[in-house]
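Shown next: model.txt, given as compact mmCIF, N, CA and C atoms.
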```
# COMPACT_ATOMS: atom_id res chain seq x y z
N MET A 15 156.34 59.39 122.64
CA MET A 15 155.61 60.52 122.17
C MET A 15 155.02 61.23 123.38
N THR A 16 155.26 62.50 123.46
CA THR A 16 154.71 63.27 124.57
C THR A 16 153.68 64.25 124.03
N LEU A 17 152.68 64.46 124.79
CA LEU A 17 151.63 65.40 124.42
C LEU A 17 151.75 66.65 125.27
N ALA A 18 151.75 67.76 124.63
CA ALA A 18 151.77 69.02 125.37
C ALA A 18 150.34 69.54 125.47
N ALA A 19 149.95 69.84 126.65
CA ALA A 19 148.59 70.34 126.86
C ALA A 19 148.58 71.85 126.64
N ALA A 20 147.69 72.26 125.81
CA ALA A 20 147.53 73.69 125.57
C ALA A 20 146.71 74.28 126.70
N PRO A 21 147.09 75.46 127.15
CA PRO A 21 146.29 76.07 128.23
C PRO A 21 144.87 76.35 127.75
N ALA A 22 143.95 76.09 128.62
CA ALA A 22 142.54 76.31 128.27
C ALA A 22 142.27 77.81 128.21
N ARG A 23 141.61 78.22 127.18
CA ARG A 23 141.23 79.63 127.05
C ARG A 23 139.84 79.82 127.64
N PRO A 24 139.74 80.84 128.44
CA PRO A 24 138.40 81.08 128.98
C PRO A 24 137.47 81.55 127.85
N THR A 25 136.30 81.03 127.86
CA THR A 25 135.32 81.46 126.86
C THR A 25 134.31 82.36 127.53
N SER A 26 133.93 83.36 126.81
CA SER A 26 132.92 84.26 127.36
C SER A 26 131.68 84.16 126.47
N PRO A 27 130.55 84.35 127.07
CA PRO A 27 129.31 84.25 126.28
C PRO A 27 129.25 85.38 125.26
N PRO A 28 128.49 85.19 124.20
CA PRO A 28 128.35 86.25 123.20
C PRO A 28 127.66 87.47 123.82
N VAL A 29 127.98 88.62 123.28
CA VAL A 29 127.36 89.85 123.77
C VAL A 29 125.94 89.93 123.19
N VAL A 30 124.99 90.07 124.06
CA VAL A 30 123.60 90.14 123.66
C VAL A 30 122.98 91.40 124.28
N ASP A 31 122.30 92.16 123.45
CA ASP A 31 121.63 93.36 123.95
C ASP A 31 120.29 92.93 124.54
N VAL A 32 120.20 92.93 125.87
CA VAL A 32 119.00 92.44 126.54
C VAL A 32 118.07 93.56 127.00
N ARG A 33 118.39 94.79 126.58
CA ARG A 33 117.51 95.89 126.95
C ARG A 33 116.17 95.73 126.24
N LYS A 34 115.14 96.30 126.86
CA LYS A 34 113.81 96.25 126.25
C LYS A 34 113.82 97.00 124.93
N PRO A 35 113.06 96.52 123.94
CA PRO A 35 112.95 97.28 122.69
C PRO A 35 112.29 98.63 122.97
N LEU A 36 112.67 99.60 122.19
CA LEU A 36 112.10 100.94 122.36
C LEU A 36 111.22 101.29 121.18
N LEU A 37 110.01 101.71 121.46
CA LEU A 37 109.17 102.29 120.43
C LEU A 37 109.34 103.79 120.52
N LEU A 38 109.81 104.39 119.43
CA LEU A 38 110.09 105.81 119.40
C LEU A 38 109.12 106.51 118.47
N ARG A 39 108.49 107.56 118.98
CA ARG A 39 107.55 108.38 118.20
C ARG A 39 108.18 109.75 118.00
N LEU A 40 108.33 110.15 116.74
CA LEU A 40 108.90 111.45 116.41
C LEU A 40 107.88 112.27 115.66
N GLU A 41 107.75 113.53 116.03
CA GLU A 41 106.96 114.49 115.28
C GLU A 41 107.92 115.56 114.80
N GLY A 42 107.70 116.03 113.57
CA GLY A 42 108.58 117.07 113.09
C GLY A 42 108.29 117.49 111.68
N VAL A 43 109.22 118.26 111.13
CA VAL A 43 109.09 118.82 109.80
C VAL A 43 110.27 118.34 108.96
N VAL A 44 109.97 117.75 107.79
CA VAL A 44 111.00 117.30 106.87
C VAL A 44 111.69 118.53 106.29
N SER A 45 113.01 118.50 106.27
CA SER A 45 113.79 119.63 105.77
C SER A 45 114.85 119.14 104.80
N ALA A 46 115.29 120.06 103.94
CA ALA A 46 116.31 119.72 102.94
C ALA A 46 117.72 119.72 103.54
N THR A 47 117.92 120.51 104.58
CA THR A 47 119.25 120.63 105.17
C THR A 47 119.19 120.55 106.69
N ARG A 48 120.34 120.32 107.27
CA ARG A 48 120.44 120.30 108.73
C ARG A 48 120.06 121.65 109.32
N GLU A 49 120.52 122.70 108.69
CA GLU A 49 120.25 124.04 109.19
C GLU A 49 118.76 124.35 109.20
N ALA A 50 118.08 124.00 108.13
CA ALA A 50 116.63 124.23 108.06
C ALA A 50 115.90 123.40 109.10
N ALA A 51 116.35 122.17 109.31
CA ALA A 51 115.73 121.31 110.32
C ALA A 51 115.92 121.87 111.71
N ALA A 52 117.10 122.42 111.98
CA ALA A 52 117.37 122.99 113.31
C ALA A 52 116.48 124.20 113.59
N GLU A 53 116.06 124.90 112.54
CA GLU A 53 115.19 126.06 112.72
C GLU A 53 113.74 125.67 113.01
N THR A 54 113.34 124.46 112.62
CA THR A 54 111.94 124.06 112.79
C THR A 54 111.68 123.21 114.02
N GLY A 55 112.72 122.70 114.66
CA GLY A 55 112.53 121.83 115.81
C GLY A 55 113.57 122.08 116.89
N PHE A 56 113.48 121.33 117.98
CA PHE A 56 114.45 121.49 119.05
C PHE A 56 115.75 120.80 118.73
N THR A 57 115.73 119.90 117.72
CA THR A 57 116.94 119.24 117.25
C THR A 57 116.74 118.83 115.79
N ALA A 58 117.86 118.65 115.11
CA ALA A 58 117.84 118.15 113.72
C ALA A 58 118.35 116.73 113.74
N THR A 59 117.56 115.82 113.18
CA THR A 59 117.93 114.40 113.14
C THR A 59 118.00 113.95 111.70
N SER A 60 119.09 113.25 111.36
CA SER A 60 119.23 112.75 109.99
C SER A 60 118.72 111.31 109.91
N LEU A 61 118.03 111.03 108.81
CA LEU A 61 117.45 109.71 108.57
C LEU A 61 118.05 109.15 107.29
N GLY A 62 118.73 108.03 107.41
CA GLY A 62 119.26 107.33 106.25
C GLY A 62 118.31 106.20 105.89
N PHE A 63 118.24 105.85 104.61
CA PHE A 63 117.30 104.83 104.15
C PHE A 63 118.09 103.67 103.56
N LEU A 64 117.90 102.49 104.13
CA LEU A 64 118.66 101.32 103.70
C LEU A 64 118.47 101.05 102.21
N GLY A 65 119.57 100.74 101.55
CA GLY A 65 119.51 100.42 100.12
C GLY A 65 119.57 101.64 99.23
N THR A 66 119.67 102.84 99.81
CA THR A 66 119.74 104.07 99.02
C THR A 66 120.80 104.98 99.62
N GLU A 67 121.13 106.02 98.89
CA GLU A 67 122.04 107.04 99.39
C GLU A 67 121.26 108.21 100.00
N THR A 68 119.94 108.11 100.01
CA THR A 68 119.08 109.20 100.47
C THR A 68 119.26 109.46 101.96
N VAL A 69 119.43 110.72 102.30
CA VAL A 69 119.43 111.16 103.70
C VAL A 69 118.46 112.32 103.79
N ARG A 70 117.52 112.24 104.72
CA ARG A 70 116.54 113.31 104.95
C ARG A 70 116.79 113.88 106.33
N TRP A 71 116.45 115.13 106.49
CA TRP A 71 116.58 115.79 107.79
C TRP A 71 115.20 116.01 108.38
N LEU A 72 115.09 115.83 109.66
CA LEU A 72 113.83 116.03 110.36
C LEU A 72 114.08 117.03 111.48
N GLY A 73 113.36 118.16 111.42
CA GLY A 73 113.36 119.11 112.53
C GLY A 73 112.38 118.57 113.56
N VAL A 74 112.89 117.95 114.60
CA VAL A 74 112.05 117.23 115.58
C VAL A 74 111.41 118.23 116.54
N THR A 75 110.07 118.20 116.58
CA THR A 75 109.33 119.06 117.50
C THR A 75 108.88 118.29 118.74
N ASP A 76 108.83 116.96 118.65
CA ASP A 76 108.47 116.13 119.80
C ASP A 76 109.08 114.75 119.61
N ALA A 77 109.67 114.22 120.66
CA ALA A 77 110.25 112.88 120.64
C ALA A 77 109.88 112.20 121.94
N ARG A 78 109.27 111.04 121.81
CA ARG A 78 108.88 110.31 123.03
C ARG A 78 108.92 108.81 122.78
N THR A 79 109.18 108.08 123.85
CA THR A 79 109.09 106.64 123.78
C THR A 79 107.67 106.24 124.13
N VAL A 80 107.22 105.17 123.54
CA VAL A 80 105.84 104.71 123.70
C VAL A 80 105.83 103.51 124.64
N GLY A 81 104.94 103.53 125.60
CA GLY A 81 104.81 102.43 126.55
C GLY A 81 105.03 102.92 127.96
N ALA A 82 104.22 102.43 128.86
CA ALA A 82 104.27 102.89 130.24
C ALA A 82 105.51 102.40 130.98
N ASP A 83 106.14 101.34 130.50
CA ASP A 83 107.27 100.77 131.22
C ASP A 83 108.63 101.25 130.69
N GLN A 84 108.63 102.31 129.89
CA GLN A 84 109.88 102.84 129.35
C GLN A 84 110.45 103.89 130.29
N PHE A 85 111.74 103.75 130.57
CA PHE A 85 112.40 104.72 131.43
C PHE A 85 113.41 105.56 130.65
N VAL A 86 113.38 105.41 129.33
CA VAL A 86 114.26 106.18 128.45
C VAL A 86 113.40 107.20 127.73
N LEU A 87 113.82 108.44 127.73
CA LEU A 87 113.08 109.50 127.04
C LEU A 87 113.45 109.53 125.56
N GLY A 88 112.52 110.00 124.75
CA GLY A 88 112.79 110.13 123.32
C GLY A 88 113.98 111.02 123.04
N LYS A 89 114.12 112.10 123.80
CA LYS A 89 115.27 113.00 123.64
C LYS A 89 116.58 112.28 123.94
N ASP A 90 116.54 111.34 124.90
CA ASP A 90 117.74 110.58 125.23
C ASP A 90 118.14 109.65 124.09
N VAL A 91 117.17 109.07 123.42
CA VAL A 91 117.46 108.21 122.27
C VAL A 91 118.14 109.03 121.18
N LEU A 92 117.59 110.21 120.89
CA LEU A 92 118.18 111.06 119.86
C LEU A 92 119.58 111.52 120.26
N ALA A 93 119.79 111.81 121.52
CA ALA A 93 121.12 112.21 121.98
C ALA A 93 122.13 111.07 121.82
N ALA A 94 121.68 109.83 122.04
CA ALA A 94 122.57 108.68 121.92
C ALA A 94 123.03 108.43 120.49
N VAL A 95 122.18 108.74 119.51
CA VAL A 95 122.54 108.51 118.10
C VAL A 95 123.09 109.77 117.43
N ALA A 96 123.14 110.89 118.15
CA ALA A 96 123.60 112.16 117.58
C ALA A 96 125.02 112.12 117.01
N PRO A 97 125.95 111.36 117.59
CA PRO A 97 127.31 111.37 117.04
C PRO A 97 127.44 110.66 115.69
N PHE A 98 126.43 109.93 115.27
CA PHE A 98 126.51 109.14 114.04
C PHE A 98 125.87 109.87 112.86
N THR A 99 126.34 109.53 111.66
CA THR A 99 125.75 110.08 110.44
C THR A 99 125.47 108.93 109.48
N PRO A 100 124.22 108.75 109.08
CA PRO A 100 123.01 109.40 109.59
C PRO A 100 122.72 108.93 111.01
N ASN A 101 121.89 109.71 111.69
CA ASN A 101 121.58 109.38 113.08
C ASN A 101 120.80 108.08 113.21
N LEU A 102 119.79 107.90 112.38
CA LEU A 102 118.96 106.68 112.38
C LEU A 102 118.94 106.09 110.98
N LEU A 103 118.91 104.77 110.91
CA LEU A 103 118.82 104.05 109.64
C LEU A 103 117.41 103.49 109.53
N VAL A 104 116.65 104.00 108.58
CA VAL A 104 115.23 103.69 108.47
C VAL A 104 115.01 102.43 107.64
N ALA A 105 114.18 101.54 108.16
CA ALA A 105 113.78 100.32 107.47
C ALA A 105 112.31 100.08 107.78
N GLY A 106 111.71 99.13 107.08
CA GLY A 106 110.33 98.80 107.34
C GLY A 106 109.59 98.47 106.07
N PRO A 107 108.26 98.40 106.12
CA PRO A 107 107.47 98.12 104.93
C PRO A 107 107.75 99.17 103.85
N PRO A 108 107.96 98.74 102.61
CA PRO A 108 108.30 99.68 101.53
C PRO A 108 107.36 100.87 101.41
N GLU A 109 106.06 100.67 101.63
CA GLU A 109 105.10 101.77 101.52
C GLU A 109 105.39 102.86 102.55
N LEU A 110 105.65 102.45 103.80
CA LEU A 110 105.92 103.43 104.85
C LEU A 110 107.25 104.13 104.63
N VAL A 111 108.27 103.36 104.31
CA VAL A 111 109.59 103.94 104.07
C VAL A 111 109.53 104.91 102.90
N GLY A 112 108.84 104.54 101.83
CA GLY A 112 108.72 105.39 100.65
C GLY A 112 108.00 106.69 100.95
N ARG A 113 106.96 106.64 101.76
CA ARG A 113 106.23 107.87 102.11
C ARG A 113 107.13 108.85 102.84
N LEU A 114 107.94 108.35 103.74
CA LEU A 114 108.84 109.23 104.48
C LEU A 114 109.99 109.71 103.60
N ARG A 115 110.55 108.83 102.82
CA ARG A 115 111.70 109.16 101.98
C ARG A 115 111.36 110.21 100.93
N THR A 116 110.13 110.19 100.41
CA THR A 116 109.75 111.11 99.33
C THR A 116 108.96 112.33 99.80
N ALA A 117 108.76 112.48 101.08
CA ALA A 117 108.02 113.65 101.59
C ALA A 117 108.81 114.91 101.26
N PRO A 118 108.16 115.90 100.66
CA PRO A 118 108.88 117.14 100.31
C PRO A 118 109.22 117.98 101.54
N PRO A 119 110.25 118.81 101.42
CA PRO A 119 110.58 119.72 102.52
C PRO A 119 109.37 120.55 102.93
N GLY A 120 109.23 120.76 104.23
CA GLY A 120 108.10 121.51 104.76
C GLY A 120 106.95 120.62 105.21
N THR A 121 107.03 119.33 104.89
CA THR A 121 105.98 118.39 105.25
C THR A 121 106.06 118.05 106.74
N ARG A 122 104.93 118.14 107.42
CA ARG A 122 104.87 117.72 108.82
C ARG A 122 104.64 116.21 108.85
N VAL A 123 105.38 115.51 109.70
CA VAL A 123 105.25 114.06 109.80
C VAL A 123 105.18 113.63 111.26
N VAL A 124 104.55 112.50 111.45
CA VAL A 124 104.58 111.77 112.70
C VAL A 124 105.00 110.36 112.32
N VAL A 125 106.12 109.91 112.88
CA VAL A 125 106.61 108.57 112.59
C VAL A 125 106.79 107.82 113.89
N GLU A 126 106.58 106.53 113.81
CA GLU A 126 106.70 105.69 114.99
C GLU A 126 107.30 104.37 114.57
N GLY A 127 108.21 103.87 115.38
CA GLY A 127 108.83 102.60 115.05
C GLY A 127 109.71 102.09 116.17
N LEU A 128 110.18 100.89 115.98
CA LEU A 128 111.05 100.21 116.93
C LEU A 128 112.49 100.64 116.68
N VAL A 129 113.19 101.04 117.72
CA VAL A 129 114.59 101.42 117.60
C VAL A 129 115.46 100.33 118.19
N ALA A 130 116.39 99.84 117.38
CA ALA A 130 117.42 98.93 117.86
C ALA A 130 118.63 99.80 118.18
N ARG A 131 118.86 100.06 119.45
CA ARG A 131 119.87 101.04 119.84
C ARG A 131 121.28 100.65 119.44
N ALA A 132 121.59 99.38 119.44
CA ALA A 132 122.95 98.95 119.10
C ALA A 132 123.29 99.22 117.64
N SER A 133 122.30 99.17 116.76
CA SER A 133 122.56 99.35 115.33
C SER A 133 121.99 100.65 114.76
N ARG A 134 121.24 101.42 115.56
CA ARG A 134 120.58 102.66 115.15
C ARG A 134 119.46 102.42 114.14
N MET A 135 119.00 101.19 114.00
CA MET A 135 117.91 100.87 113.06
C MET A 135 116.60 101.39 113.62
N TYR A 136 115.81 101.96 112.74
CA TYR A 136 114.49 102.49 113.09
C TYR A 136 113.49 101.78 112.19
N TYR A 137 112.82 100.76 112.72
CA TYR A 137 111.88 99.94 111.96
C TYR A 137 110.49 100.58 112.04
N LEU A 138 110.08 101.22 110.96
CA LEU A 138 108.83 101.97 110.96
C LEU A 138 107.62 101.06 111.11
N ARG A 139 106.64 101.55 111.87
CA ARG A 139 105.34 100.87 111.93
C ARG A 139 104.21 101.83 111.62
N ARG A 140 104.53 103.15 111.60
CA ARG A 140 103.51 104.16 111.32
C ARG A 140 104.17 105.41 110.75
N VAL A 141 103.56 105.95 109.69
CA VAL A 141 104.00 107.22 109.11
C VAL A 141 102.76 108.02 108.78
N GLU A 142 102.60 109.19 109.40
CA GLU A 142 101.51 110.11 109.08
C GLU A 142 102.11 111.34 108.43
N ILE A 143 101.55 111.72 107.29
CA ILE A 143 102.05 112.84 106.52
C ILE A 143 100.98 113.93 106.50
N SER A 144 101.38 115.18 106.78
CA SER A 144 100.50 116.34 106.63
C SER A 144 101.00 117.19 105.49
N SER A 145 100.16 118.05 104.99
CA SER A 145 100.54 118.93 103.87
C SER A 145 101.68 119.85 104.26
N PRO A 146 102.56 120.16 103.29
CA PRO A 146 103.64 121.11 103.58
C PRO A 146 103.04 122.46 103.97
N GLY A 147 103.85 123.18 104.81
CA GLY A 147 103.44 124.53 105.22
C GLY A 147 102.62 124.47 106.38
```
What does the file become when written as structure tokens?
Amino acid sequence: MTLAAAPARPTSPPVVDVRKPLLLRLEGVVSATREAAAETGFTATSLGFLGTETVRWLGVTDARTVGADQFVLGKDVLAAVAPFTPNLLVAGPPELVGRLRTAPPGTRVVVEGLVARASRMYYLRRVEISSPG
């Protein structure tokens, strides 16, 4: 009986995203359409909500990363997710997600959360709502 040795396959370590987490703060106006959002901010960003078919548009008036050790700009984060639809997938505590998901068009918002760049997940930690108009 002879044994044939199979060639050893090189194994590579799993791919792990070791970049620092990003806290992203967005200010803007909730809009019903991409066109309306583009008129109210420097860019229109779409927000999808996990577990629903809901997509909201945000006319972004300010985008910034939070933390002194961040070398990525908020605008760069939005540019990186721009080719995808929706651009960001919103998750987080049901109360915060619900406030953002149900905000009527024209509502000014400030949202802040952790962005997982590999998956486009936006884990909310803060949602401030102002009156429409």
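Considering all atoms listed in the file, the residue among A:Leu64, A:Thr54, A:Ala130, A:Gly81 positioned nearest to Gly106 of chain A is A:Leu64.
The two atoms in question, atom CA of Ala46 of chain A and atom C of Ala77 of chain A, are spaced 21.4 Å apart.
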At a cut-off of 6.5 Å around the point (120.3, 108.0, 112.8) (file coordinates), what residues fall inside when counting all atoms listed in the file? I'd like the answer as an MDAnalysis selection string. chainID A and resid 59:62 95 98:103 134
Those selected residues, please, written with N, CA and C atoms and delivered as a PDB file, in the frame of the given file.
```pdb
ATOM      1  N   THR A  59     117.560 115.820 113.180  1.00  0.00           N
ATOM      2  CA  THR A  59     117.930 114.400 113.140  1.00  0.00           C
ATOM      3  C   THR A  59     118.000 113.950 111.700  1.00  0.00           C
ATOM      4  N   SER A  60     119.090 113.250 111.360  1.00  0.00           N
ATOM      5  CA  SER A  60     119.230 112.750 109.990  1.00  0.00           C
ATOM      6  C   SER A  60     118.720 111.310 109.910  1.00  0.00           C
ATOM      7  N   LEU A  61     118.030 111.030 108.810  1.00  0.00           N
ATOM      8  CA  LEU A  61     117.450 109.710 108.570  1.00  0.00           C
ATOM      9  C   LEU A  61     118.050 109.150 107.290  1.00  0.00           C
ATOM     10  N   GLY A  62     118.730 108.030 107.410  1.00  0.00           N
ATOM     11  CA  GLY A  62     119.260 107.330 106.250  1.00  0.00           C
ATOM     12  C   GLY A  62     118.310 106.200 105.890  1.00  0.00           C
ATOM     13  N   VAL A  95     122.180 108.740 119.510  1.00  0.00           N
ATOM     14  CA  VAL A  95     122.540 108.510 118.100  1.00  0.00           C
ATOM     15  C   VAL A  95     123.090 109.770 117.430  1.00  0.00           C
ATOM     16  N   PHE A  98     126.430 109.930 115.270  1.00  0.00           N
ATOM     17  CA  PHE A  98     126.510 109.140 114.040  1.00  0.00           C
ATOM     18  C   PHE A  98     125.870 109.870 112.860  1.00  0.00           C
ATOM     19  N   THR A  99     126.340 109.530 111.660  1.00  0.00           N
ATOM     20  CA  THR A  99     125.750 110.080 110.440  1.00  0.00           C
ATOM     21  C   THR A  99     125.470 108.930 109.480  1.00  0.00           C
ATOM     22  N   PRO A 100     124.220 108.750 109.080  1.00  0.00           N
ATOM     23  CA  PRO A 100     123.010 109.400 109.590  1.00  0.00           C
ATOM     24  C   PRO A 100     122.720 108.930 111.010  1.00  0.00           C
ATOM     25  N   ASN A 101     121.890 109.710 111.690  1.00  0.00           N
ATOM     26  CA  ASN A 101     121.580 109.380 113.080  1.00  0.00           C
ATOM     27  C   ASN A 101     120.800 108.080 113.210  1.00  0.00           C
ATOM     28  N   LEU A 102     119.790 107.900 112.380  1.00  0.00           N
ATOM     29  CA  LEU A 102     118.960 106.680 112.380  1.00  0.00           C
ATOM     30  C   LEU A 102     118.940 106.090 110.980  1.00  0.00           C
ATOM     31  N   LEU A 103     118.910 104.770 110.910  1.00  0.00           N
ATOM     32  CA  LEU A 103     118.820 104.050 109.640  1.00  0.00           C
ATOM     33  C   LEU A 103     117.410 103.490 109.530  1.00  0.00           C
ATOM     34  N   ARG A 134     121.240 101.420 115.560  1.00  0.00           N
ATOM     35  CA  ARG A 134     120.580 102.660 115.150  1.00  0.00           C
ATOM     36  C   ARG A 134     119.460 102.420 114.140  1.00  0.00           C
TER      37      ARG A 134
END
```
I need the residue nearest Ala58 of chain A from this list: A:Val74, A:Met135, A:Leu110, A:Val125. Use all atoms listed in the file for the distance. A:Val74
Mind the document's chain letters and residue numbers, and return as number ranges by chain the residues of chain A that DSSP labels strand (DSSP E or B). A: 36-45, 57-63, 69-80, 102-105, 122-130, 135-143
What's the 8 Å shell around Leu38 of chain A, counting all atoms listed in the file, without same-chain residues fewer than 3 positions away, as a list in words? Pro35, Glu41, Ala77, Arg78, Thr79, Val80, Gly81, Leu87, Gly88, Val125, Glu126, Gly127, Leu128 and Val129 of chain A
Mind dumping the selected residues with N, CA and C atoms as an mmCIF file, in the frame of the given file?
```cif
data_model
loop_
_atom_site.group_PDB
_atom_site.id
_atom_site.type_symbol
_atom_site.label_atom_id
_atom_site.label_comp_id
_atom_site.auth_asym_id
_atom_site.auth_seq_id
_atom_site.Cartn_x
_atom_site.Cartn_y
_atom_site.Cartn_z
ATOM 1 N N PRO A 35 113.060 96.520 123.940
ATOM 2 C CA PRO A 35 112.950 97.280 122.690
ATOM 3 C C PRO A 35 112.290 98.630 122.970
ATOM 4 N N GLU A 41 107.750 113.530 116.030
ATOM 5 C CA GLU A 41 106.960 114.490 115.280
ATOM 6 C C GLU A 41 107.920 115.560 114.800
ATOM 7 N N ALA A 77 109.670 114.220 120.660
ATOM 8 C CA ALA A 77 110.250 112.880 120.640
ATOM 9 C C ALA A 77 109.880 112.200 121.940
ATOM 10 N N ARG A 78 109.270 111.040 121.810
ATOM 11 C CA ARG A 78 108.880 110.310 123.030
ATOM 12 C C ARG A 78 108.920 108.810 122.780
ATOM 13 N N THR A 79 109.180 108.080 123.850
ATOM 14 C CA THR A 79 109.090 106.640 123.780
ATOM 15 C C THR A 79 107.670 106.240 124.130
ATOM 16 N N VAL A 80 107.220 105.170 123.540
ATOM 17 C CA VAL A 80 105.840 104.710 123.700
ATOM 18 C C VAL A 80 105.830 103.510 124.640
ATOM 19 N N GLY A 81 104.940 103.530 125.600
ATOM 20 C CA GLY A 81 104.810 102.430 126.550
ATOM 21 C C GLY A 81 105.030 102.920 127.960
ATOM 22 N N LEU A 87 113.820 108.440 127.730
ATOM 23 C CA LEU A 87 113.080 109.500 127.040
ATOM 24 C C LEU A 87 113.450 109.530 125.560
ATOM 25 N N GLY A 88 112.520 110.000 124.750
ATOM 26 C CA GLY A 88 112.790 110.130 123.320
ATOM 27 C C GLY A 88 113.980 111.020 123.040
ATOM 28 N N VAL A 125 106.120 109.910 112.880
ATOM 29 C CA VAL A 125 106.610 108.570 112.590
ATOM 30 C C VAL A 125 106.790 107.820 113.890
ATOM 31 N N GLU A 126 106.580 106.530 113.810
ATOM 32 C CA GLU A 126 106.700 105.690 114.990
ATOM 33 C C GLU A 126 107.300 104.370 114.570
ATOM 34 N N GLY A 127 108.210 103.870 115.380
ATOM 35 C CA GLY A 127 108.830 102.600 115.050
ATOM 36 C C GLY A 127 109.710 102.090 116.170
ATOM 37 N N LEU A 128 110.180 100.890 115.980
ATOM 38 C CA LEU A 128 111.050 100.210 116.930
ATOM 39 C C LEU A 128 112.490 100.640 116.680
ATOM 40 N N VAL A 129 113.190 101.040 117.720
ATOM 41 C CA VAL A 129 114.590 101.420 117.600
ATOM 42 C C VAL A 129 115.460 100.330 118.190
#
```
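Distances from A:Arg139, A:Arg39, A:Arg48, A:Arg70 to Pro107 of chain A were compared using all atoms listed in the file, and the smallest one belongs to A:Arg139.
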